[in-house]
$ cat input.txt   # compact mmCIF, C-alpha atoms
# COMPACT_ATOMS: atom_id res chain seq x y z
CA MET A 1 -19.13 252.57 -91.28
CA ALA A 2 -15.71 254.19 -91.68
CA LEU A 3 -14.60 256.68 -89.04
CA ILE A 4 -14.57 260.33 -90.09
CA PRO A 5 -11.03 261.80 -90.09
CA VAL A 6 -10.49 265.02 -88.12
CA THR A 7 -7.71 267.58 -88.59
CA ILE A 8 -6.89 270.06 -85.82
CA LEU A 9 -5.63 273.34 -87.27
CA THR A 10 -3.75 275.36 -84.68
CA GLY A 11 -1.25 278.20 -84.44
CA PHE A 12 -0.77 281.37 -82.43
CA LEU A 13 -2.72 284.60 -83.02
CA GLY A 14 -2.09 285.96 -86.50
CA SER A 15 -0.26 282.89 -87.80
CA GLY A 16 -2.56 282.53 -90.80
CA LYS A 17 -5.02 279.78 -89.81
CA THR A 18 -8.05 281.53 -91.28
CA THR A 19 -6.17 282.25 -94.53
CA LEU A 20 -5.24 278.57 -94.86
CA LEU A 21 -8.77 277.52 -94.01
CA LYS A 22 -10.20 279.84 -96.69
CA HIS A 23 -7.86 278.20 -99.21
CA ILE A 24 -9.07 274.74 -98.21
CA LEU A 25 -12.72 275.76 -98.38
CA THR A 26 -12.59 277.62 -101.69
CA GLU A 27 -10.37 275.26 -103.69
CA GLU A 28 -12.24 272.93 -106.02
CA HIS A 29 -11.39 269.59 -104.47
CA GLY A 30 -14.72 267.77 -104.33
CA LYS A 31 -14.33 266.94 -100.64
CA LYS A 32 -17.15 267.52 -98.17
CA ILE A 33 -15.62 269.19 -95.12
CA ALA A 34 -17.26 270.21 -91.86
CA VAL A 35 -15.41 273.03 -90.11
CA ILE A 36 -15.65 273.61 -86.37
CA GLU A 37 -14.43 277.04 -85.33
CA ASN A 38 -13.38 277.76 -81.78
CA GLU A 39 -12.50 281.43 -82.07
CA PHE A 40 -12.79 284.58 -80.05
CA GLY A 41 -11.43 287.97 -80.97
CA GLU A 42 -9.99 286.85 -84.29
CA GLU A 43 -11.40 287.33 -87.75
CA ASN A 44 -13.88 284.60 -88.62
CA ILE A 45 -14.25 283.13 -92.06
CA ASP A 46 -15.42 285.84 -94.45
CA ASN A 47 -19.16 285.95 -95.00
CA ASP A 48 -18.74 286.19 -98.76
CA ILE A 49 -17.91 282.48 -98.91
CA LEU A 50 -20.74 281.52 -96.58
CA VAL A 51 -24.37 280.72 -97.28
CA GLN A 52 -26.51 280.95 -94.15
CA ASP A 53 -28.39 277.74 -93.37
CA ASN A 54 -31.51 277.53 -91.23
CA GLN A 55 -29.51 276.03 -88.36
CA GLU A 56 -28.44 278.75 -85.93
CA ASN A 57 -24.89 277.55 -85.50
CA ILE A 58 -24.43 275.57 -88.72
CA VAL A 59 -23.39 277.56 -91.78
CA GLN A 60 -23.24 276.09 -95.27
CA MET A 61 -20.13 276.99 -97.26
CA SER A 62 -20.31 277.85 -100.94
CA ASN A 63 -17.99 274.92 -101.63
CA GLY A 64 -20.32 272.40 -99.98
CA CYS A 65 -18.52 272.67 -96.66
CA ILE A 66 -20.23 273.18 -93.31
CA CYS A 67 -19.14 275.50 -90.51
CA CYS A 68 -20.11 274.98 -86.89
CA THR A 69 -19.19 277.71 -84.40
CA ILE A 70 -18.64 276.18 -80.97
CA ARG A 71 -21.09 277.57 -78.43
CA GLY A 72 -20.79 274.64 -76.07
CA ASP A 73 -18.43 271.74 -75.55
CA LEU A 74 -16.45 270.22 -78.42
CA VAL A 75 -17.97 266.81 -77.70
CA GLU A 76 -21.46 268.26 -78.06
CA ALA A 77 -20.52 269.97 -81.33
CA LEU A 78 -19.06 266.77 -82.81
CA ASN A 79 -22.03 264.68 -81.70
CA ALA A 80 -24.48 267.27 -83.06
CA LEU A 81 -22.74 267.18 -86.43
CA TRP A 82 -22.87 263.39 -86.43
CA GLU A 83 -26.59 263.31 -85.62
CA GLN A 84 -27.38 265.76 -88.42
CA ARG A 85 -25.25 263.74 -90.80
CA LYS A 86 -26.99 260.53 -89.75
CA ASP A 87 -30.39 262.19 -90.33
CA LYS A 88 -29.15 263.30 -93.77
CA LYS A 89 -29.66 266.98 -92.91
CA ILE A 90 -26.02 267.73 -93.74
CA SER A 91 -23.30 265.85 -95.59
CA PHE A 92 -19.57 265.74 -94.88
CA ASP A 93 -16.79 263.17 -94.99
CA ARG A 94 -14.12 264.91 -92.87
CA VAL A 95 -13.82 267.58 -90.17
CA VAL A 96 -11.36 270.44 -89.66
CA ILE A 97 -11.26 272.06 -86.20
CA GLU A 98 -9.75 275.56 -86.15
CA THR A 99 -8.68 276.34 -82.59
CA THR A 100 -8.35 279.78 -81.09
CA GLY A 101 -4.89 281.29 -81.43
CA VAL A 102 -4.16 281.00 -77.71
CA ALA A 103 -5.48 277.45 -77.35
CA ASN A 104 -3.54 274.49 -76.04
CA PRO A 105 -4.37 271.76 -78.59
CA GLY A 106 -3.84 269.01 -76.00
CA PRO A 107 -7.38 268.89 -74.60
CA VAL A 108 -8.80 269.04 -78.14
CA ALA A 109 -6.69 266.03 -79.15
CA GLN A 110 -7.59 264.15 -75.98
CA THR A 111 -11.29 264.46 -76.80
CA PHE A 112 -10.89 261.79 -79.47
CA PHE A 113 -9.58 259.27 -76.97
CA MET A 114 -11.65 260.08 -73.90
CA ASP A 115 -15.24 260.25 -75.18
CA ASP A 116 -16.75 256.96 -76.37
CA ASP A 117 -19.35 258.56 -78.66
CA VAL A 118 -16.71 260.67 -80.37
CA ALA A 119 -14.33 257.69 -80.67
CA ASP A 120 -17.12 255.62 -82.23
CA HIS A 121 -17.60 258.09 -85.09
CA TYR A 122 -14.38 260.07 -85.53
CA VAL A 123 -10.64 259.45 -85.75
CA LEU A 124 -8.02 262.14 -85.12
CA ASP A 125 -5.95 262.34 -88.30
CA ALA A 126 -3.38 265.01 -87.42
CA VAL A 127 -2.55 268.26 -85.67
CA VAL A 128 -1.40 270.89 -88.18
CA THR A 129 0.39 273.91 -86.65
CA LEU A 130 1.14 277.25 -88.28
CA VAL A 131 4.03 279.45 -87.11
CA ASP A 132 4.39 283.07 -88.25
CA ALA A 133 7.93 283.60 -89.62
CA LYS A 134 7.99 287.25 -88.55
CA HIS A 135 6.44 287.09 -85.07
CA GLY A 136 6.80 283.38 -84.31
CA PRO A 137 10.23 283.52 -82.63
CA GLN A 138 9.04 286.10 -80.11
CA GLN A 139 5.73 284.30 -79.57
CA LEU A 140 7.56 281.04 -78.88
CA THR A 141 9.75 282.81 -76.35
CA GLU A 142 6.94 284.62 -74.54
CA HIS A 143 3.97 282.20 -74.72
CA GLU A 144 3.99 278.58 -73.61
CA GLU A 145 0.76 278.03 -75.60
CA ALA A 146 2.72 278.70 -78.80
CA GLN A 147 5.31 276.13 -77.73
CA ARG A 148 2.60 273.58 -76.94
CA GLN A 149 1.11 274.07 -80.40
CA VAL A 150 4.48 273.18 -81.90
CA GLY A 151 4.97 270.25 -79.53
CA PHE A 152 1.67 268.63 -80.52
CA ALA A 153 2.14 269.09 -84.27
CA ASP A 154 2.20 266.31 -86.84
CA GLN A 155 2.86 268.90 -89.58
CA ILE A 156 4.30 272.42 -89.18
CA PHE A 157 3.92 275.23 -91.70
CA ILE A 158 6.02 278.40 -91.46
CA THR A 159 3.87 281.23 -92.80
CA LYS A 160 4.68 284.77 -94.00
CA THR A 161 8.15 283.70 -95.12
CA ASP A 162 8.16 286.63 -97.58
CA LEU A 163 8.40 289.08 -94.66
CA VAL A 164 11.75 287.84 -93.33
CA THR A 165 15.14 286.83 -94.69
CA PRO A 166 15.98 283.23 -95.69
CA ALA A 167 18.44 283.12 -92.77
CA GLU A 168 15.65 284.02 -90.32
CA VAL A 169 13.42 281.29 -91.78
CA GLU A 170 16.23 278.76 -91.42
CA ALA A 171 16.89 279.79 -87.81
CA LEU A 172 13.19 279.36 -87.00
CA ARG A 173 13.14 276.01 -88.78
CA ASN A 174 16.08 274.79 -86.67
CA ARG A 175 14.38 275.93 -83.49
CA LEU A 176 11.12 274.18 -84.41
CA MET A 177 12.98 271.04 -85.41
CA HIS A 178 14.61 270.80 -82.00
CA MET A 179 11.27 271.32 -80.28
CA ASN A 180 9.52 268.70 -82.41
CA PRO A 181 11.75 266.51 -84.61
CA ARG A 182 8.92 264.22 -85.73
CA ALA A 183 6.87 266.86 -87.58
CA PRO A 184 7.78 267.75 -91.18
CA ILE A 185 8.29 271.51 -91.62
CA ALA A 186 7.41 273.46 -94.79
CA GLY A 187 7.15 277.13 -95.69
CA ILE A 188 3.92 278.43 -97.23
CA SER A 189 2.82 281.78 -98.64
CA LYS A 190 -0.67 283.28 -98.47
CA GLY A 191 -2.17 280.04 -97.19
CA VAL A 192 -1.60 278.17 -100.46
CA VAL A 193 -0.74 274.56 -99.71
CA PRO A 194 -1.61 271.23 -101.39
CA LEU A 195 -4.55 269.58 -99.65
CA ASN A 196 -2.61 266.33 -99.27
CA ALA A 197 -0.16 268.24 -97.05
CA VAL A 198 -2.98 269.07 -94.62
CA LEU A 199 -5.52 266.25 -94.87
CA ASP A 200 -5.11 262.47 -94.54
CA LEU A 201 -1.68 262.72 -92.89
CA LYS A 202 -2.40 259.83 -90.49
CA GLY A 203 -0.26 261.53 -87.87
CA PHE A 204 -2.12 259.68 -85.10
CA ASN A 205 -2.11 256.35 -86.92
CA LEU A 206 -0.16 253.85 -84.84
CA ASN A 207 0.92 252.01 -87.98
CA ALA A 208 2.20 255.14 -89.69
CA LYS A 209 5.96 255.31 -90.00
CA LEU A 210 7.86 257.24 -87.36
CA ASP A 211 9.06 260.49 -88.88
CA ILE A 212 12.11 261.95 -87.18
CA ASP A 213 14.07 264.59 -89.03
CA PRO A 214 17.30 262.86 -90.07
CA HIS A 215 19.33 266.02 -89.53
CA PHE A 216 18.11 266.14 -85.95
CA LEU A 217 19.62 262.72 -85.34
CA GLU A 218 22.87 263.77 -86.95
CA GLN A 219 23.39 267.05 -85.10
CA GLU A 220 26.30 265.69 -83.08
CA ASP A 221 28.29 265.51 -86.30
CA HIS A 222 28.20 269.27 -86.92
CA ASP A 223 30.71 271.90 -85.92
CA HIS A 224 30.24 272.98 -82.28
CA GLU A 225 32.96 275.58 -82.37
CA ASN A 226 30.72 278.65 -82.35
CA CYS A 227 27.81 277.46 -80.27
CA GLY A 228 28.94 279.35 -77.21
CA HIS A 229 28.41 276.59 -74.67
CA ASP A 230 30.03 273.44 -73.43
CA HIS A 231 29.32 270.11 -75.14
CA ALA A 232 31.67 268.06 -72.98
CA HIS A 233 30.32 264.83 -71.52
CA ASP A 234 31.79 262.80 -68.71
CA HIS A 235 30.94 259.36 -70.08
CA ASP A 236 31.53 257.32 -73.18
CA HIS A 237 28.69 257.31 -75.74
CA SER A 238 30.12 254.69 -78.02
CA SER A 239 27.88 251.86 -76.86
CA CYS A 240 24.96 253.41 -74.99
CA GLY A 241 22.60 253.24 -77.96
CA HIS A 242 20.78 256.55 -77.67
CA ASP A 243 21.16 260.02 -79.02
CA HIS A 244 22.88 262.70 -76.95
CA SER A 245 23.06 265.22 -79.74
CA HIS A 246 20.48 267.83 -78.88
CA ASP A 247 21.02 269.55 -75.59
CA HIS A 248 21.65 272.67 -77.63
CA HIS A 249 19.49 274.85 -79.86
CA HIS A 250 20.61 276.60 -83.00
CA GLY A 251 19.51 279.98 -84.22
CA HIS A 252 17.89 281.12 -80.97
CA ALA A 253 20.68 281.72 -78.51
CA GLY A 254 19.88 283.50 -75.28
CA HIS A 255 16.96 281.43 -74.03
CA THR A 256 15.84 277.85 -73.63
CA ASP A 257 12.45 276.61 -74.74
CA ARG A 258 10.49 274.77 -72.06
CA ILE A 259 9.03 272.53 -74.76
CA GLN A 260 11.87 270.29 -75.84
CA SER A 261 12.34 266.88 -77.35
CA PHE A 262 14.76 264.02 -77.22
CA VAL A 263 15.22 260.74 -79.02
CA PHE A 264 16.10 257.31 -77.64
CA ARG A 265 17.64 254.71 -79.94
CA SER A 266 18.96 251.25 -79.24
CA ASP A 267 19.88 248.10 -81.12
CA LYS A 268 19.16 246.01 -78.02
CA PRO A 269 15.65 244.59 -77.50
CA PHE A 270 13.35 245.76 -74.73
CA ASP A 271 12.10 243.51 -71.95
CA HIS A 272 8.35 244.03 -72.52
CA GLN A 273 7.31 243.85 -68.86
CA LYS A 274 10.09 246.14 -67.64
CA LEU A 275 9.23 248.71 -70.32
CA GLU A 276 5.51 248.57 -69.56
CA ASP A 277 6.14 249.08 -65.83
CA PHE A 278 8.57 251.93 -66.44
CA LEU A 279 6.34 253.81 -68.89
CA GLY A 280 3.35 253.34 -66.58
CA GLY A 281 5.27 254.93 -63.72
CA ILE A 282 6.58 257.77 -65.89
CA LEU A 283 3.09 258.61 -67.14
CA GLU A 284 1.80 258.62 -63.58
CA VAL A 285 4.37 261.24 -62.57
CA PHE A 286 5.03 263.25 -65.72
CA GLY A 287 1.97 262.54 -67.89
CA GLU A 288 0.70 266.12 -67.99
CA LYS A 289 4.13 267.33 -69.10
CA MET A 290 4.41 264.75 -71.89
CA LEU A 291 2.78 266.32 -74.93
CA ARG A 292 3.48 263.74 -77.62
CA TYR A 293 5.55 260.59 -77.70
CA LYS A 294 5.82 257.95 -80.36
CA GLY A 295 8.11 255.11 -81.26
CA VAL A 296 8.91 251.94 -83.15
CA LEU A 297 10.08 249.36 -80.61
CA TYR A 298 12.31 246.31 -80.87
CA VAL A 299 10.89 243.94 -78.25
CA LYS A 300 12.29 240.56 -77.24
CA GLY A 301 10.10 237.59 -78.14
CA THR A 302 8.48 238.99 -81.28
CA ASN A 303 9.73 239.35 -84.84
CA ARG A 304 7.29 242.19 -85.49
CA LYS A 305 7.68 245.87 -84.85
CA VAL A 306 5.75 247.28 -81.90
CA VAL A 307 4.49 250.82 -82.55
CA PHE A 308 3.40 253.02 -79.68
CA GLN A 309 2.33 256.61 -79.18
CA GLY A 310 0.54 258.78 -76.68
CA VAL A 311 -0.81 262.15 -75.65
CA HIS A 312 -0.28 263.06 -71.99
CA GLN A 313 -1.33 260.01 -69.90
CA MET A 314 -3.07 258.20 -72.76
CA MET A 315 -0.82 255.69 -74.47
CA GLY A 316 -1.56 252.99 -77.02
CA SER A 317 0.47 250.35 -78.80
CA ASP A 318 -0.02 248.11 -81.79
CA MET A 319 1.77 245.30 -83.59
CA ALA A 320 3.10 246.43 -86.95
CA GLY A 321 4.73 244.48 -89.77
CA PRO A 322 7.73 242.15 -89.52
CA TRP A 323 11.24 243.55 -89.31
CA GLY A 324 12.27 241.82 -92.52
CA THR A 325 15.84 242.47 -93.62
CA GLU A 326 16.19 245.90 -92.01
CA PRO A 327 18.20 246.19 -88.77
CA LYS A 328 16.11 245.77 -85.63
CA GLN A 329 16.31 249.07 -83.77
CA THR A 330 14.17 250.99 -81.30
CA ARG A 331 13.49 254.65 -82.13
CA MET A 332 11.44 256.72 -79.68
CA VAL A 333 10.81 260.46 -79.59
CA PHE A 334 9.47 262.34 -76.57
CA ILE A 335 8.18 265.92 -76.70
CA GLY A 336 7.29 267.62 -73.44
CA ILE A 337 7.60 270.42 -70.91
CA ASP A 338 10.69 270.43 -68.69
CA LEU A 339 11.02 266.65 -68.91
CA PRO A 340 13.86 265.02 -66.91
CA LYS A 341 15.65 263.81 -70.02
CA ASP A 342 18.56 262.05 -68.28
CA THR A 343 16.21 260.20 -65.91
CA LEU A 344 14.01 259.01 -68.77
CA LEU A 345 16.94 257.93 -70.93
CA ALA A 346 18.51 256.03 -68.04
CA GLY A 347 15.18 254.39 -67.23
CA LEU A 348 14.67 253.26 -70.81
CA GLU A 349 18.23 251.95 -70.86
CA GLY A 350 17.38 249.88 -67.79
CA CYS A 351 14.45 248.27 -69.61
CA LEU A 352 16.69 246.74 -72.29
CA VAL A 353 17.61 243.06 -72.27
CA GLN A 354 21.21 243.06 -71.11

$ encode --input "input.txt" --output "structure tokens"
Amino acid sequence: MALIPVTILTGFLGSGKTTLLKHILTEEHGKKIAVIENEFGEENIDNDILVQDNQENIVQMSNGCICCTIRGDLVEALNALWEQRKDKKISFDRVVIETTGVANPGPVAQTFFMDDDVADHYVLDAVVTLVDAKHGPQQLTEHEEAQRQVGFADQIFITKTDLVTPAEVEALRNRLMHMNPRAPIAGISKGVVPLNAVLDLKGFNLNAKLDIDPHFLEQEDHDHENCGHDHAHDHDHSSCGHDHSHDHHHGHAGHTDRIQSFVFRSDKPFDHQKLEDFLGGILEVFGEKMLRYKGVLYVKGTNRKVVFQGVHQMMGSDMAGPWGTEPKQTRMVFIGIDLPKDTLLAGLEGCLVQ
């Protein structure tokens, strides 16, 4: 039996999660969606689109969707939904989890890797994060939870873009891109978004292509004249193979986000054993600070791409397709909290076949 895909919908208080969820649940799409809400203090889904079922914590939506309000652990909620589905009491083919606005999505994502029962029935499809265009910049500055939500995202939506100027939207987009270059960013209004931009993204699929914003990788080519800080480097970058272009942040001068990202690239192959040992040691020390990391690896001894990704200390890898005619090149992106970027880049450099 196919695994049931799960989407985690996250975003800080007031970012528009419930509005987006209402759009998903009321649009005529023919999908059977179970919704798990983990809310406190925020507006819940309006009762006018709900039809009370005889289950105390299971509510039938008018569009054939099911809502489960978490009263216990997420694992228990997912397993309870599965049991009722198996007994044909309810029917659904995908799950959306709406987290509380102050939640760190990390533990929610980890649930799908740590619990065997959950892993046997569900697969985490993607983390979708909403950022309020008007209040988001301040929330990102003041609340690490808001930064974590961005760091974990596979897709980012900037909401309430009609309340700010295009220049403010662009500044926020640049800031988000530097925090998480692997997540596509789109603006939405009043929660209206195509379903295929939220569901079936395969953001946690090891064989999915590695999305890194191309402009992020090209930032070193732009004009640094007005950035207000020093970009000088003491060593030659011409042959080191990785990207040094993003120690700076555009559109949000005056502070530095703790959640940051960096990219490693190289045309040289990795020594598999050296890389495995290095990553194992890094996860042991910095695992809790590493929110998301993902890459396509060029490894000596195989003509196929090696794809890897992880959440905190949990890392997996898989063999992907052959390199074919494209240049063999490693691309890795790391998103985390106060990570020692130079140490990690140097360590990865040391794992290459010289």

$ closest_residue --input "input.txt" --among "A:Ala34, A:Thr302, A:Lys341, A:Leu13" --to "Gln84 of chain A" --atoms "only C-alpha atoms"
A:Ala34

$ closest_residue --input "input.txt" --among "A:Trp323, A:Tyr293, A:Phe12, A:Phe308" --to "Glu142 of chain A" --atoms "all atoms listed in the file"
A:Phe12

$ closest_residue --input "input.txt" --among "A:Ile33, A:Val333, A:Leu199, A:Ile259" --to "Ala126 of chain A" --atoms "only C-alpha atoms"
A:Leu199

$ closest_residue --input "input.txt" --among "A:Thr7, A:Gln147, A:Thr159, A:Asn180" --to "Val192 of chain A" --atoms "all atoms listed in the file"
A:Thr159

$ closest_residue --input "input.txt" --among "A:Ile282, A:Leu348, A:Ile337, A:Leu195" --to "Phe270 of chain A" --atoms "all atoms listed in the file"
A:Leu348

$ atom_distance --input "input.txt" --atom1 "atom CA of Thr19 of chain A" --atom2 "atom CA of Met177 of chain A"
24.0 Å

$ atom_distance --input "input.txt" --atom1 "atom CA of Ala119 of chain A" --atom2 "atom CA of Pro181 of chain A"
27.8 Å

$ residues_around --input "input.txt" --residues "Gly106 of chain A" --least-positions-apart "6" --cutoff "10 Å" --atoms "all atoms listed in the file" --output "PyMOL selection string"
chain A and resi 127+148-149+151-152+288+291-292+311-312

$ residues_around --input "input.txt" --residues "Val150 of chain A" --least-positions-apart "2" --cutoff "12 Å" --atoms "all atoms listed in the file" --output "PyMOL selection string"
chain A and resi 9-12+103-106+127-132+136-137+139-140+143-148+152-158+172-173+175-185+257-261+291-292+335-337

$ closest_residue --input "input.txt" --among "A:Arg85, A:Lys160, A:His135, A:Arg331" --to "Val296 of chain A" --atoms "only C-alpha atoms"
A:Arg331

$ atom_distance --input "input.txt" --atom1 "atom CA of Asp125 of chain A" --atom2 "atom CA of Leu21 of chain A"
16.5 Å

$ residues_near_point --input "input.txt" --point "(9.0, 252.7, -65.8)" --cutoff "12 Å" --atoms "all atoms listed in the file" --output "JSON list (two decimals) with C-alpha atoms, in the coordinates of the input"
[["chain", "number", "residue", "atom", "x", "y", "z"],
["A", 271, "ASP", "CA", 12.10, 243.51, -71.95],
["A", 272, "HIS", "CA", 8.35, 244.03, -72.52],
["A", 273, "GLN", "CA", 7.31, 243.85, -68.86],
["A", 274, "LYS", "CA", 10.09, 246.14, -67.64],
["A", 275, "LEU", "CA", 9.23, 248.71, -70.32],
["A", 276, "GLU", "CA", 5.51, 248.57, -69.56],
["A", 277, "ASP", "CA", 6.14, 249.08, -65.83],
["A", 278, "PHE", "CA", 8.57, 251.93, -66.44],
["A", 279, "LEU", "CA", 6.34, 253.81, -68.89],
["A", 280, "GLY", "CA", 3.35, 253.34, -66.58],
["A", 281, "GLY", "CA", 5.27, 254.93, -63.72],
["A", 282, "ILE", "CA", 6.58, 257.77, -65.89],
["A", 283, "LEU", "CA", 3.09, 258.61, -67.14],
["A", 284, "GLU", "CA", 1.80, 258.62, -63.58],
["A", 285, "VAL", "CA", 4.37, 261.24, -62.57],
["A", 286, "PHE", "CA", 5.03, 263.25, -65.72],
["A", 343, "THR", "CA", 16.21, 260.20, -65.91],
["A", 344, "LEU", "CA", 14.01, 259.01, -68.77],
["A", 345, "LEU", "CA", 16.94, 257.93, -70.93],
["A", 346, "ALA", "CA", 18.51, 256.03, -68.04],
["A", 347, "GLY", "CA", 15.18, 254.39, -67.23],
["A", 348, "LEU", "CA", 14.67, 253.26, -70.81],
["A", 349, "GLU", "CA", 18.23, 251.95, -70.86],
["A", 350, "GLY", "CA", 17.38, 249.88, -67.79],
["A", 351, "CYS", "CA", 14.45, 248.27, -69.61],
["A", 352, "LEU", "CA", 16.69, 246.74, -72.29]]

$ residues_around --input "input.txt" --residues "Thr165 of chain A" --least-positions-apart "6" --cutoff "12 Å" --atoms "all atoms listed in the file" --output "ChimeraX atom specification"
/A:133-134,171-172

$ residues_around --input "input.txt" --residues "Gly191 of chain A" --least-positions-apart "5" --cutoff "7 Å" --atoms "only C-alpha atoms" --output "VMD selection string"
chain A and resid 16 19 to 20 23

$ residues_near_point --input "input.txt" --point "(-15.9, 254.2, -82.6)" --cutoff "10 Å" --atoms "only C-alpha atoms" --output "list of chain:residue names"
A:Met1, A:Ala2, A:Leu3, A:Ile4, A:Phe112, A:Phe113, A:Asp115, A:Asp116, A:Asp117, A:Val118, A:Ala119, A:Asp120, A:His121, A:Tyr122, A:Val123
